[in-house]
$ cat structure-v3.cif   # mmCIF, C-alpha atoms and all ligand atoms
data_model
loop_
_atom_site.label_atom_id
_atom_site.label_comp_id
_atom_site.auth_asym_id
_atom_site.auth_seq_id
_atom_site.Cartn_x
_atom_site.Cartn_y
_atom_site.Cartn_z
CA MET A 22 4.14 -52.53 -6.07
CA ASN A 23 6.70 -49.75 -6.53
CA GLU A 24 3.85 -47.30 -6.18
CA PHE A 25 3.54 -48.46 -2.59
CA ASP A 26 7.22 -47.92 -2.03
CA THR A 27 7.08 -44.33 -3.20
CA LEU A 28 4.19 -43.21 -0.98
CA TRP A 29 5.08 -39.88 0.62
CA ILE A 30 4.57 -41.33 4.09
CA TRP A 31 7.74 -43.41 3.86
CA GLN A 32 9.69 -40.17 4.02
CA GLU A 33 8.72 -40.12 7.70
CA THR A 34 11.84 -41.61 9.26
CA ASP A 35 9.96 -42.89 12.32
CA LEU A 36 7.76 -45.06 10.13
CA ARG A 37 10.42 -46.06 7.65
CA GLY A 38 12.70 -47.37 10.36
CA ARG A 39 10.02 -49.04 12.48
CA LEU A 40 8.28 -50.82 9.57
CA SER A 41 11.16 -51.72 7.28
CA TRP A 42 10.43 -55.47 7.27
CA TYR A 43 6.75 -54.95 6.53
CA ARG A 44 7.55 -52.56 3.69
CA GLN A 45 10.00 -54.97 2.08
CA VAL A 46 7.57 -57.88 2.24
CA ALA A 47 4.76 -55.67 0.88
CA THR A 48 6.90 -54.94 -2.16
CA ASN A 49 8.07 -58.59 -2.50
CA ARG A 50 11.70 -57.74 -1.83
CA MET A 51 11.57 -60.10 1.15
CA PRO A 52 9.59 -63.28 1.80
CA ALA A 53 6.78 -63.17 4.34
CA LYS A 54 7.71 -64.78 7.65
CA PHE A 55 5.44 -67.75 6.99
CA ARG A 56 7.60 -68.62 3.98
CA ILE A 57 10.68 -68.68 6.22
CA ALA A 58 8.87 -70.83 8.80
CA GLN A 59 7.85 -73.25 6.06
CA SER A 60 11.46 -73.78 5.04
CA ILE A 61 12.37 -75.28 8.45
CA PRO A 62 11.80 -79.06 8.66
CA ILE A 63 10.45 -80.64 11.83
CA PRO A 64 11.60 -84.26 12.32
CA LEU A 65 8.48 -85.39 14.22
CA ALA A 66 5.29 -87.28 13.44
CA LEU A 67 3.25 -84.29 14.57
CA GLN A 68 -0.11 -85.95 15.12
CA GLU A 69 1.40 -88.68 17.26
CA GLU A 70 3.40 -86.54 19.65
CA PRO A 71 2.11 -85.23 22.98
CA GLU A 72 1.44 -81.49 23.05
CA GLU A 73 4.31 -80.90 25.46
CA THR A 74 6.79 -82.31 22.93
CA LEU A 75 5.35 -80.08 20.23
CA TRP A 76 5.78 -76.93 22.37
CA LYS A 77 9.36 -77.93 23.12
CA ALA A 78 10.01 -78.33 19.40
CA LEU A 79 8.43 -74.95 18.74
CA GLU A 80 10.75 -73.34 21.23
CA GLU A 81 13.84 -74.95 19.70
CA LYS A 82 12.85 -74.20 16.13
CA THR A 83 11.87 -70.62 16.94
CA ALA A 84 15.56 -70.01 17.67
CA HIS A 85 16.37 -71.49 14.27
CA PHE A 86 13.69 -69.34 12.64
CA LEU A 87 15.02 -66.16 14.25
CA ALA A 88 18.55 -66.88 13.02
CA LEU A 89 17.23 -67.45 9.50
CA TRP A 90 15.05 -64.33 9.65
CA ASP A 91 18.05 -62.31 10.74
CA ARG A 92 20.15 -63.66 7.86
CA CYS A 93 17.32 -62.81 5.51
CA ARG A 94 17.07 -59.24 6.84
CA ARG A 95 20.79 -58.81 6.35
CA GLY A 96 20.52 -60.09 2.79
CA VAL A 97 22.68 -63.16 3.51
CA SER A 98 19.98 -65.72 2.76
CA ASN A 99 16.85 -65.09 0.77
CA ARG A 100 15.80 -68.19 -1.15
CA PHE A 101 12.95 -70.23 0.23
CA PRO A 102 11.38 -73.24 -1.49
CA VAL A 103 7.89 -72.98 -2.96
CA SER A 104 7.42 -76.67 -2.13
CA PRO A 105 8.51 -76.78 1.48
CA PRO A 106 9.80 -79.82 3.39
CA ARG A 107 7.08 -81.67 5.33
CA PRO A 108 6.36 -81.44 8.12
CA ASN A 109 7.77 -77.97 8.67
CA LEU A 110 7.59 -75.25 11.31
CA LEU A 111 4.33 -73.91 9.92
CA ASP A 112 2.83 -77.42 10.05
CA LEU A 113 3.90 -77.49 13.69
CA CYS A 114 2.09 -74.18 14.33
CA ARG A 115 -0.98 -75.63 12.65
CA GLU A 116 -0.90 -78.79 14.76
CA LEU A 117 -0.40 -76.77 17.95
CA SER A 118 -3.32 -74.47 17.19
CA LEU A 119 -5.53 -77.55 16.67
CA ARG A 120 -4.36 -79.00 20.01
CA MET A 121 -5.06 -75.66 21.72
CA LEU A 122 -8.57 -75.71 20.26
CA GLN A 123 -9.25 -78.87 22.27
CA HIS A 124 -8.72 -76.98 25.56
CA CYS A 125 -9.05 -73.50 24.19
CA ASN A 126 -6.45 -71.07 25.44
CA PHE A 127 -6.22 -68.86 22.36
CA CYS A 128 -6.90 -65.79 24.48
CA ARG A 129 -6.53 -64.61 28.07
CA TRP A 130 -9.91 -66.01 29.08
CA HIS A 131 -8.29 -69.47 29.08
CA CYS A 132 -11.73 -71.06 28.92
CA ARG A 133 -10.24 -74.58 28.58
CA VAL A 134 -13.29 -75.82 26.65
CA ASP A 135 -12.95 -78.35 23.84
CA ARG A 136 -14.04 -76.29 20.87
CA SER A 137 -13.35 -79.17 18.48
CA ARG A 138 -16.37 -80.95 20.01
CA GLY A 139 -18.39 -77.81 20.68
CA THR A 140 -20.42 -79.35 23.49
CA LYS A 141 -19.34 -76.59 25.87
CA LEU A 142 -18.55 -73.07 24.72
CA GLY A 143 -16.26 -70.40 26.12
CA THR A 144 -16.63 -66.64 26.35
CA CYS A 145 -16.47 -66.18 22.56
CA LYS A 146 -19.34 -68.70 22.20
CA LEU A 147 -17.61 -70.43 19.28
CA ALA A 148 -16.98 -74.09 18.52
CA ASP A 149 -14.52 -74.87 15.72
CA GLU A 150 -16.36 -73.11 12.88
CA SER A 151 -14.97 -69.79 11.63
CA ARG A 152 -17.15 -67.33 9.77
CA VAL A 153 -16.15 -64.38 7.62
CA SER A 154 -18.54 -61.47 7.57
CA SER A 155 -16.97 -59.72 4.59
CA TYR A 156 -13.61 -59.02 2.98
CA PHE A 157 -12.40 -56.28 0.66
CA HIS A 158 -9.74 -53.74 -0.29
CA HIS A 159 -10.04 -51.51 2.78
CA PRO A 160 -9.59 -47.86 1.79
CA GLY A 161 -9.85 -46.48 5.32
CA GLU A 162 -6.86 -47.93 7.20
CA GLU A 163 -3.72 -45.89 7.83
CA LEU A 164 -1.88 -44.93 4.64
CA ILE A 165 0.96 -47.34 5.46
CA TYR A 166 -1.60 -50.15 5.34
CA ARG A 167 -4.15 -48.97 2.75
CA GLY A 168 -1.46 -47.75 0.33
CA ARG A 169 -2.82 -47.21 -3.16
CA TYR A 170 -4.89 -50.36 -3.62
CA GLY A 171 -6.20 -50.97 -0.12
CA SER A 172 -5.47 -53.19 2.82
CA GLY A 173 -6.67 -56.76 2.12
CA THR A 174 -9.01 -56.90 5.08
CA ILE A 175 -10.82 -60.05 6.20
CA PHE A 176 -13.50 -59.47 8.84
CA PHE A 177 -14.19 -62.47 11.06
CA THR A 178 -17.39 -62.85 13.02
CA SER A 179 -17.54 -62.78 16.87
CA CYS A 180 -15.28 -61.46 19.59
CA ASN A 181 -13.81 -62.30 22.96
CA MET A 182 -14.55 -58.83 24.37
CA ARG A 183 -17.94 -57.24 24.91
CA CYS A 184 -17.40 -53.56 24.12
CA ALA A 185 -20.71 -51.79 24.68
CA PHE A 186 -19.67 -49.15 22.13
CA CYS A 187 -18.37 -51.57 19.47
CA GLN A 188 -18.19 -49.81 16.11
CA ASN A 189 -18.57 -53.22 14.38
CA GLY A 190 -21.34 -54.50 16.66
CA ASP A 191 -23.18 -56.31 13.85
CA ILE A 192 -20.10 -58.48 13.28
CA SER A 193 -18.79 -58.88 16.80
CA THR A 194 -22.04 -59.67 18.62
CA ASP A 195 -23.80 -61.83 16.03
CA LYS A 196 -22.00 -65.14 15.79
CA GLU A 197 -24.18 -66.26 12.88
CA ASN A 198 -23.13 -63.27 10.79
CA GLY A 199 -21.34 -63.97 7.48
CA GLN A 200 -20.35 -67.23 5.87
CA PRO A 201 -18.62 -70.30 7.35
CA VAL A 202 -15.20 -70.71 5.79
CA SER A 203 -12.89 -73.65 5.35
CA PRO A 204 -9.15 -72.95 5.56
CA ARG A 205 -8.97 -73.36 1.78
CA THR A 206 -11.71 -70.80 1.14
CA LEU A 207 -10.01 -68.43 3.57
CA ALA A 208 -6.68 -68.91 1.79
CA THR A 209 -8.42 -68.20 -1.53
CA MET A 210 -9.80 -64.95 -0.10
CA ALA A 211 -6.29 -63.89 0.92
CA TRP A 212 -4.93 -64.97 -2.48
CA LEU A 213 -7.54 -62.93 -4.35
CA LEU A 214 -6.92 -59.80 -2.29
CA ARG A 215 -3.19 -59.97 -2.84
CA MET A 216 -3.32 -60.80 -6.54
CA GLU A 217 -5.71 -57.85 -6.97
CA GLY A 218 -3.02 -55.56 -5.55
CA CYS A 219 -3.70 -55.29 -1.80
CA HIS A 220 -0.59 -54.41 0.17
CA ASN A 221 -1.16 -56.83 3.04
CA ILE A 222 -3.55 -59.44 4.40
CA ASN A 223 -5.29 -57.77 7.31
CA TRP A 224 -6.73 -60.35 9.76
CA VAL A 225 -9.40 -58.60 11.84
CA GLY A 226 -12.89 -59.00 13.27
CA GLY A 227 -14.63 -59.01 15.65
CA GLU A 228 -11.38 -60.53 16.77
CA PRO A 229 -9.07 -62.80 14.76
CA THR A 230 -7.49 -64.52 17.79
CA ILE A 231 -10.57 -66.65 18.38
CA HIS A 232 -10.11 -68.04 14.83
CA LEU A 233 -6.43 -68.83 15.23
CA HIS A 234 -6.72 -72.47 14.09
CA THR A 235 -8.45 -71.57 10.80
CA ILE A 236 -6.10 -68.69 10.05
CA VAL A 237 -2.95 -70.74 10.68
CA GLU A 238 -4.25 -73.54 8.50
CA ALA A 239 -5.13 -71.09 5.71
CA ILE A 240 -1.66 -69.51 5.83
CA ALA A 241 -0.12 -72.99 5.65
CA LEU A 242 -1.93 -73.50 2.32
CA LEU A 243 -0.92 -70.22 0.74
CA SER A 244 2.56 -70.76 -0.67
CA GLU A 245 1.41 -73.52 -3.06
CA LEU A 246 -2.20 -72.42 -3.54
CA GLN A 247 -3.59 -72.48 -7.09
CA PRO A 248 -7.28 -71.73 -6.54
CA THR A 249 -9.76 -73.58 -8.76
CA ASP A 250 -12.89 -71.95 -10.20
CA GLU A 251 -14.83 -73.66 -7.44
CA ASP A 252 -12.51 -72.18 -4.76
CA ILE A 253 -12.98 -68.71 -6.23
CA ARG A 254 -16.76 -69.07 -6.46
CA ALA A 255 -16.88 -70.06 -2.78
CA ALA A 256 -14.62 -67.17 -1.80
CA LEU A 257 -16.50 -64.51 -3.76
CA GLN A 258 -19.74 -64.93 -1.82
CA VAL A 259 -18.84 -62.39 0.89
CA LYS A 260 -16.41 -60.22 -1.08
CA SER A 261 -18.11 -56.91 -0.56
CA ASP A 262 -16.22 -55.06 -3.30
CA TYR A 263 -16.88 -57.82 -5.84
CA GLY A 264 -18.66 -55.33 -8.10
CA LEU A 265 -15.51 -53.22 -8.43
CA ARG A 266 -12.97 -54.09 -11.07
CA PHE A 267 -9.49 -54.95 -9.86
CA SER A 268 -6.98 -56.37 -12.27
CA LEU A 269 -5.82 -59.76 -11.05
CA ARG A 270 -2.11 -60.22 -11.64
CA ARG A 271 -0.16 -63.13 -10.24
CA ASP A 272 3.01 -61.07 -9.96
CA HIS A 273 1.35 -58.79 -7.40
CA GLY A 274 2.17 -61.28 -4.69
CA LEU A 275 5.03 -63.54 -5.64
CA TYR A 276 8.43 -64.10 -4.09
CA HIS A 277 10.68 -66.59 -5.88
CA GLY A 278 7.64 -68.27 -7.44
CA GLY A 279 5.53 -68.70 -4.30
CA PHE A 280 2.71 -66.63 -2.82
CA ASN A 281 3.92 -63.65 -0.85
CA ALA A 282 2.16 -60.98 1.22
CA PRO A 283 2.76 -59.38 4.60
CA MET A 284 0.46 -60.79 7.26
CA LEU A 285 -1.05 -58.08 9.47
CA TRP A 286 -2.52 -58.94 12.91
CA ASN A 287 -5.22 -56.32 13.60
CA SER A 288 -6.36 -57.25 17.08
CA ASN A 289 -7.53 -56.24 20.55
CA PHE A 290 -4.35 -57.93 21.81
CA PHE A 291 -6.14 -59.99 24.43
CA MET A 292 -4.25 -63.07 23.23
CA SER A 293 -2.65 -65.75 25.39
CA VAL A 294 1.13 -66.17 25.45
CA PRO A 295 0.95 -69.53 23.58
CA ALA A 296 -1.03 -67.82 20.80
CA MET A 297 1.61 -65.07 20.69
CA LYS A 298 4.35 -67.67 20.26
CA ILE A 299 2.63 -69.05 17.18
CA LEU A 300 1.79 -65.66 15.72
CA ARG A 301 5.38 -64.53 16.14
CA LEU A 302 6.35 -66.90 13.32
CA LEU A 303 3.58 -65.82 10.97
CA MET A 304 2.89 -62.11 11.35
CA ASP A 305 5.01 -59.54 9.52
CA VAL A 306 3.35 -56.55 11.13
CA TRP A 307 1.03 -56.04 14.10
CA LEU A 308 -1.73 -53.50 14.67
CA PRO A 309 -2.75 -53.62 18.34
CA ASP A 310 -5.73 -51.66 19.58
CA PHE A 311 -5.03 -50.17 23.03
CA LYS A 312 -8.39 -49.08 24.47
CA PHE A 313 -8.51 -48.89 28.25
CA GLY A 314 -6.39 -47.60 31.11
CA PRO A 315 -5.43 -49.64 34.20
CA GLY A 316 -8.65 -48.89 36.17
CA GLU A 317 -12.08 -50.49 35.93
CA CYS A 318 -13.07 -49.16 32.48
CA ALA A 319 -12.34 -52.43 30.65
CA VAL A 320 -14.69 -54.29 32.98
CA ALA A 321 -17.34 -51.56 33.01
CA LEU A 322 -17.42 -51.02 29.24
CA SER A 323 -16.20 -54.33 27.82
CA ARG A 324 -16.80 -56.91 30.56
CA THR A 325 -13.12 -57.81 30.21
CA PRO A 326 -11.00 -58.49 33.31
CA TRP A 327 -7.17 -58.59 33.22
CA TYR A 328 -7.23 -56.17 30.28
CA TRP A 329 -4.39 -53.79 31.15
CA GLN A 330 -2.01 -56.52 32.28
CA THR A 331 -2.67 -58.73 29.27
CA VAL A 332 -2.41 -56.02 26.62
CA THR A 333 0.66 -54.34 28.09
CA ASP A 334 2.38 -57.73 28.50
CA ASN A 335 1.68 -58.61 24.87
CA LEU A 336 2.84 -55.20 23.66
CA LYS A 337 6.06 -55.62 25.61
CA LEU A 338 6.54 -59.03 24.03
CA ILE A 339 6.37 -57.79 20.44
CA HIS A 340 8.54 -54.82 21.32
CA ASP A 341 11.18 -57.06 22.93
CA TRP A 342 10.96 -59.39 19.92
CA GLY A 343 11.82 -56.50 17.58
CA GLU A 344 8.60 -56.82 15.59
CA ASP A 345 7.19 -54.20 13.21
CA PHE A 346 4.06 -52.60 14.68
CA THR A 347 2.01 -49.47 15.21
CA ILE A 348 -0.51 -48.89 18.02
CA ARG A 349 -4.04 -47.52 17.74
CA HIS A 350 -5.83 -45.65 20.49
CA LEU A 351 -9.40 -44.34 20.17
CA ILE A 352 -10.21 -41.24 22.24
CA MET A 353 -13.47 -41.85 24.10
CA PRO A 354 -15.72 -39.23 25.71
CA ASN A 355 -15.14 -38.85 29.45
CA HIS A 356 -12.20 -41.28 29.28
CA VAL A 357 -9.26 -38.98 28.60
CA GLU A 358 -8.11 -38.93 32.24
CA CYS A 359 -8.66 -42.61 33.05
CA CYS A 360 -7.73 -44.19 29.71
CA THR A 361 -6.06 -41.91 27.16
CA ARG A 362 -3.54 -40.31 29.53
CA PRO A 363 -2.29 -43.52 31.21
CA ILE A 364 -2.09 -45.30 27.87
CA LEU A 365 -0.06 -42.56 26.22
CA ARG A 366 2.11 -42.25 29.34
CA TRP A 367 2.78 -46.00 29.32
CA ILE A 368 3.74 -45.98 25.64
CA ALA A 369 6.05 -42.99 26.15
CA HIS A 370 7.70 -44.69 29.10
CA THR A 371 7.90 -48.26 27.72
CA MET A 372 8.22 -48.00 23.95
CA PRO A 373 8.65 -44.36 22.88
CA ASP A 374 9.96 -45.46 19.47
CA VAL A 375 6.63 -47.01 18.41
CA PRO A 376 4.33 -44.99 16.11
CA VAL A 377 0.84 -44.37 17.49
CA ASN A 378 -2.38 -43.50 15.73
CA ILE A 379 -4.55 -41.44 18.11
CA MET A 380 -8.00 -41.62 16.61
CA ASP A 381 -10.75 -39.04 17.12
CA GLN A 382 -13.58 -40.68 15.17
CA TYR A 383 -15.41 -42.34 18.08
CA HIS A 384 -19.17 -42.21 17.70
CA PRO A 385 -21.76 -43.79 19.98
CA ASP A 386 -22.77 -47.15 18.58
CA ASN A 387 -24.17 -50.53 19.64
CA PHE A 388 -25.51 -50.20 23.25
CA CYS A 389 -24.31 -46.57 23.54
CA ASP A 390 -26.30 -45.01 20.73
CA PRO A 391 -29.28 -43.08 22.16
CA ALA A 392 -31.00 -43.32 18.78
CA SER A 393 -30.90 -47.12 18.83
CA SER A 394 -33.44 -49.51 20.38
CA LYS A 395 -30.40 -51.33 21.88
CA TYR A 396 -29.40 -48.26 23.89
CA ARG A 397 -28.77 -48.79 27.61
CA PRO A 398 -28.78 -45.71 29.88
CA GLN A 399 -25.88 -47.10 31.94
CA TYR A 400 -23.64 -46.03 29.03
CA ALA A 401 -24.83 -42.42 29.00
CA ALA A 402 -21.30 -41.15 29.74
CA ILE A 403 -20.05 -42.43 26.38
CA ALA A 404 -23.22 -41.77 24.40
CA ARG A 405 -21.74 -38.84 22.52
CA ARG A 406 -18.73 -38.01 20.36
CA PRO A 407 -15.63 -36.71 22.18
CA THR A 408 -15.59 -32.92 22.39
CA ALA A 409 -13.03 -30.77 20.60
CA ARG A 410 -11.51 -30.06 24.01
CA GLU A 411 -11.08 -33.76 24.82
CA ILE A 412 -9.48 -34.39 21.45
CA ASP A 413 -7.20 -31.39 21.90
CA GLN A 414 -6.19 -32.62 25.38
CA ALA A 415 -5.23 -36.01 23.99
CA PHE A 416 -3.11 -34.63 21.16
CA ARG A 417 -1.45 -32.03 23.39
CA TYR A 418 -0.54 -34.68 25.92
CA ALA A 419 0.94 -36.94 23.22
CA HIS A 420 2.95 -33.97 22.02
CA GLU A 421 4.21 -33.18 25.55
CA LEU A 422 5.26 -36.80 25.96
CA GLY A 423 7.20 -36.70 22.70
CA LEU A 424 5.22 -39.58 21.17
CA ARG A 425 5.52 -40.45 17.49
CA PHE A 426 1.88 -39.91 16.65
CA ALA A 427 1.63 -37.07 14.13
CA ALA A 428 2.41 -39.00 10.93
CA LEU A 429 -0.30 -41.61 11.54
CA SER A 430 -2.88 -39.46 13.32
CA TYR A 431 -3.00 -36.49 10.95
CA GLU A 432 -2.75 -38.11 7.53
CA THR A 433 -6.23 -39.58 7.16
CA SER A 434 -7.70 -36.57 5.35
CA THR A 435 -4.87 -36.28 2.84
CA THR A 436 -4.93 -37.82 -0.61
CA LEU A 437 -2.59 -40.62 -1.64
S1 LIG B 501 -10.87 -68.05 22.09
FE1 LIG B 501 -10.72 -67.15 24.13
S2 LIG B 501 -12.87 -66.73 24.68
FE2 LIG B 501 -12.93 -68.22 23.00
S3 LIG B 501 -12.98 -70.23 24.00
FE3 LIG B 501 -10.84 -69.74 23.54
S4 LIG B 501 -10.03 -68.85 25.42
FE4 LIG B 501 -12.28 -68.74 25.52
#

$ encode --input "structure-v3.cif" --output "structure tokens"
Amino acid sequence: MNEFDTLWIWQETDLRGRLSWYRQVATNRMPAKFRIAQSIPIPLALQEEPEETLWKALEEKTAHFLALWDRCRRGVSNRFPVSPPRPNLLDLCRELSLRMLQHCNFCRWHCRVDRSRGTKLGTCKLADESRVSSYFHHPGEELIYRGRYGSGTIFFTSCNMRCAFCQNGDISTDKENGQPVSPRTLATMAWLLRMEGCHNINWVGGEPTIHLHTIVEAIALLSELQPTDEDIRAALQVKSDYGLRFSLRRDHGLYHGGFNAPMLWNSNFFMSVPAMKILRLLMDVWLPDFKFGPGECAVALSRTPWYWQTVTDNLKLIHDWGEDFTIRHLIMPNHVECCTRPILRWIAHTMPDVPVNIMDQYHPDNFCDPASSKYRPQYAAIARRPTAREIDQAFRYAHELGLRFAALSYETSTTL
């Protein structure tokens, strides 16, 4: 894990300072936040309490968690039990996510359908089942995430947005894609990735938010997980780099004897505030995707209302909370004026200290690809790659605004 610590990119002071927690968890010098949450007992019979009581307890214990996290960061307290007290704060998060599933408000759609019964579906069209399309050591994420052995990326099926240009359309639009997973199988996938050397567990999709209940339950299993042969067989079915040889070493992901890995939330950030409150206790680093400006583009291209307000509110939350994160923005053709410029301006004004990856690799896909039978002429304006001029405009503007974008945006073609 020291090889991760000595990556040249950590010489960039902007990144080193902004991601210090993530880096320490990645190298097992600090426990992941879920380990801290698990050390906090909750004196309630969780399944018997009304939801309101559980939220009140979450609020109270979050203050306790933050004090403990702070002590941990300052090196005052750093021992957390492998066998946690029960029930604990992570059990409370698990119970709350199951309650939310019964009137689903995981994301801003607030569909209020009971996904545990599945008789009526919301915008994501999911009941309680979660499916994983594939998972592997991702070699293409930013260097701070892919490191030397890859980002441990788990791709969930389905989404709560409808991006016409989706670059993962096969996963996000086909809810039958992949394999159904139990929380234990999901935990085994995360365990395998980490013990094979991945630097983080990268929850992504589609969109991970719509699978909140399964993810929280899987994380709750991790600290004591000892996968059986049967668990590993079940988990290997959709491991797309299974044919590659990775040496599995238990010390890759251990902190004081229990499983350890930074949890990375790689999301469209269209989550609800209650979901954010749960994730705050579990995620060590966040990777929000900021796509659309404040106009009508989110509705026109993704059929998503309330986009700007929701995403900017959630970004402000994690910034106010002092979380480790970087932002991604994809330059889209004919959307520099309406999307790229207002987004970069907002970041410069609201959180100029946050590193941004401005990405130029957009290509027409899904309903925007003229070569595809799915193509719809209404998306003609984004049915091409961005021009060199558009890309140049975006980078120049970021430079004028003084954004911290160069380290993340320019490193992708360099070697490790
Ligand atoms: S996850 Fe979002 S889109 Fe899906 S049912 Fe819940 S609130 Fe609706």

$ closest_atom_pairs --input "structure-v3.cif" --of "range 94-190 of chain A" --to "range 336-360 of chain A" --cutoff "12 Å" --atoms "all atoms listed in the file" --output "Markdown table"
| residue | atom | partner | partner_atom | distance |
| --- | --- | --- | --- | --- |
| A:Glu162 | CA | A:Arg349 | CA | 10.9 |
| A:Glu163 | CA | A:Thr347 | CA | 10.0 |
| A:Ile165 | CA | A:Thr347 | CA | 10.0 |
| A:Tyr166 | CA | A:Thr347 | CA | 10.5 |
| A:Phe186 | CA | A:Met353 | CA | 9.8 |
| A:Cys187 | CA | A:Leu351 | CA | 11.5 |
| A:Gln188 | CA | A:Leu351 | CA | 11.1 |

$ residues_around --input "structure-v3.cif" --residues "His159 in chain A" --least-positions-apart "5" --cutoff "10 Å" --atoms "all atoms listed in the file" --output "list in words"
Tyr166, Arg167, Gly168, Tyr170, Gly171, Ser172, Gly173, Thr174, Ile175, Cys219, Asn223 and Asp262 of chain A

$ write_last_selection --input "structure-v3.cif" --atoms "C-alpha atoms" --output "short mmCIF file (atom, residue, chain, number, x, y, z; two decimals), keeping the file's coordinate frame"
data_model
loop_
_atom_site.label_atom_id
_atom_site.label_comp_id
_atom_site.auth_asym_id
_atom_site.auth_seq_id
_atom_site.Cartn_x
_atom_site.Cartn_y
_atom_site.Cartn_z
CA TYR A 166 -1.60 -50.15 5.34
CA ARG A 167 -4.15 -48.97 2.75
CA GLY A 168 -1.46 -47.75 0.33
CA TYR A 170 -4.89 -50.36 -3.62
CA GLY A 171 -6.20 -50.97 -0.12
CA SER A 172 -5.47 -53.19 2.82
CA GLY A 173 -6.67 -56.76 2.12
CA THR A 174 -9.01 -56.90 5.08
CA ILE A 175 -10.82 -60.05 6.20
CA CYS A 219 -3.70 -55.29 -1.80
CA ASN A 223 -5.29 -57.77 7.31
CA ASP A 262 -16.22 -55.06 -3.30
#

$ residues_near_ligand --input "structure-v3.cif" --ligand "ligand LIG 501 (chain B)" --cutoff "6 Å" --atoms "all atoms listed in the file" --output "PyMOL selection string"
chain A and resi 125-128+130-132+143-145+181+231

$ residues_around --input "structure-v3.cif" --residues "Thr230 in chain A" --least-positions-apart "6" --cutoff "9 Å" --atoms "all atoms listed in the file" --output "list in words"
Phe127, Cys128, Cys180, Asn181, Ile236, Trp286, Ser288, Asn289, Phe290, Phe291, Met292 and Ala296 of chain A

$ atom_distance --input "structure-v3.cif" --atom1 "CA of Leu111 in chain A" --atom2 "CA of Pro64 in chain A"
12.9 Å

$ residues_around --input "structure-v3.cif" --residues "range 402-417 of chain A" --least-positions-apart "2" --cutoff "12 Å" --atoms "all atoms listed in the file" --output "MDAnalysis selection string"
chainID A and resid 184:187 318 321:322 350:366 377:393 396:400 419:427 430:431

$ atom_distance --input "structure-v3.cif" --atom1 "CA of Leu119 in chain A" --atom2 "CA of Lys77 in chain A"
16.2 Å

$ closest_residue --input "structure-v3.cif" --among "A:Gly279, A:Gly38, A:Pro229, A:Gly274" --to "Val103 in chain A" --atoms "only C-alpha atoms"
A:Gly279

$ residues_around --input "structure-v3.cif" --residues "Thr249 in chain A" --least-positions-apart "2" --cutoff "12 Å" --atoms "all atoms listed in the file" --output "NGL selection string"
:A and (205-206 or 208-209 or 212-213 or 246-247 or 251-256)

$ write_last_selection --input "structure-v3.cif" --atoms "C-alpha atoms" --output "JSON list (two decimals), in the frame of the given file"
[["chain", "number", "residue", "atom", "x", "y", "z"],
["A", 205, "ARG", "CA", -8.97, -73.36, 1.78],
["A", 206, "THR", "CA", -11.71, -70.80, 1.14],
["A", 208, "ALA", "CA", -6.68, -68.91, 1.79],
["A", 209, "THR", "CA", -8.42, -68.20, -1.53],
["A", 212, "TRP", "CA", -4.93, -64.97, -2.48],
["A", 213, "LEU", "CA", -7.54, -62.93, -4.35],
["A", 246, "LEU", "CA", -2.20, -72.42, -3.54],
["A", 247, "GLN", "CA", -3.59, -72.48, -7.09],
["A", 251, "GLU", "CA", -14.83, -73.66, -7.44],
["A", 252, "ASP", "CA", -12.51, -72.18, -4.76],
["A", 253, "ILE", "CA", -12.98, -68.71, -6.23],
["A", 254, "ARG", "CA", -16.76, -69.07, -6.46],
["A", 255, "ALA", "CA", -16.88, -70.06, -2.78],
["A", 256, "ALA", "CA", -14.62, -67.17, -1.80]]

$ residues_around --input "structure-v3.cif" --residues "Arg129 in chain A" --least-positions-apart "4" --cutoff "9 Å" --atoms "only C-alpha atoms" --output "list in words"
Phe291, Met292, Ser293, Val294, Trp327, Tyr328 and Thr331 of chain A

$ write_last_selection --input "structure-v3.cif" --atoms "C-alpha atoms" --output "PDB file, in the frame of the given file"
ATOM      1  CA  PHE A 291      -6.140 -59.990  24.430  1.00  0.00           C
ATOM      2  CA  MET A 292      -4.250 -63.070  23.230  1.00  0.00           C
ATOM      3  CA  SER A 293      -2.650 -65.750  25.390  1.00  0.00           C
ATOM      4  CA  VAL A 294       1.130 -66.170  25.450  1.00  0.00           C
ATOM      5  CA  TRP A 327      -7.170 -58.590  33.220  1.00  0.00           C
ATOM      6  CA  TYR A 328      -7.230 -56.170  30.280  1.00  0.00           C
ATOM      7  CA  THR A 331      -2.670 -58.730  29.270  1.00  0.00           C
TER       8      THR A 331
END

$ atom_distance --input "structure-v3.cif" --atom1 "CA of Leu110 in chain A" --atom2 "CA of Leu214 in chain A"
25.2 Å

$ closest_residue --input "structure-v3.cif" --among "A:Met304, A:Met182, A:Ala78, A:Ala58" --to "Trp42 in chain A" --atoms "only C-alpha atoms"
A:Met304

$ closest_residue --input "structure-v3.cif" --among "A:Cys93, A:Ala239, A:Leu265, A:Leu164" --to "Gln45 in chain A" --atoms "all atoms listed in the file"
A:Cys93

$ closest_residue --input "structure-v3.cif" --among "A:Val225, A:Leu233, A:Val97, A:Val375" --to "Ser151 in chain A" --atoms "all atoms listed in the file"
A:Leu233

$ axis_aligned_box --input "structure-v3.cif" --around "range 72-80 of chain A" --padding-each-side "8 Å" --output "JSON"
{"center_x": 6.1, "center_y": -77.8, "center_z": 22.1, "size_x": 25.3, "size_y": 25.0, "size_z": 22.7}

$ closest_residue --input "structure-v3.cif" --among "A:Val259, A:Thr48, A:Gly226, A:Asn23" --to "Met210 in chain A" --atoms "all atoms listed in the file"
A:Val259

$ closest_atom_pairs --input "structure-v3.cif" --of "range 101-189 of chain A" --to "range 194-204 of chain A" --cutoff "8 Å" --atoms "only C-alpha atoms" --output "tab-separated table"
residue	atom	partner	partner_atom	distance
A:Lys146	CA	A:Lys196	CA	7.8
A:Leu147	CA	A:Lys196	CA	7.7
A:Glu150	CA	A:Pro201	CA	6.6
A:Ser151	CA	A:Pro201	CA	5.6
A:Arg152	CA	A:Pro201	CA	4.1
A:Val153	CA	A:Gly199	CA	5.2
A:Ser154	CA	A:Gly199	CA	3.8
A:Ser155	CA	A:Gly199	CA	6.7
A:Thr178	CA	A:Lys196	CA	5.8
A:Ser179	CA	A:Lys196	CA	5.2
A:Cys180	CA	A:Thr194	CA	7.1
A:Arg183	CA	A:Thr194	CA	7.9
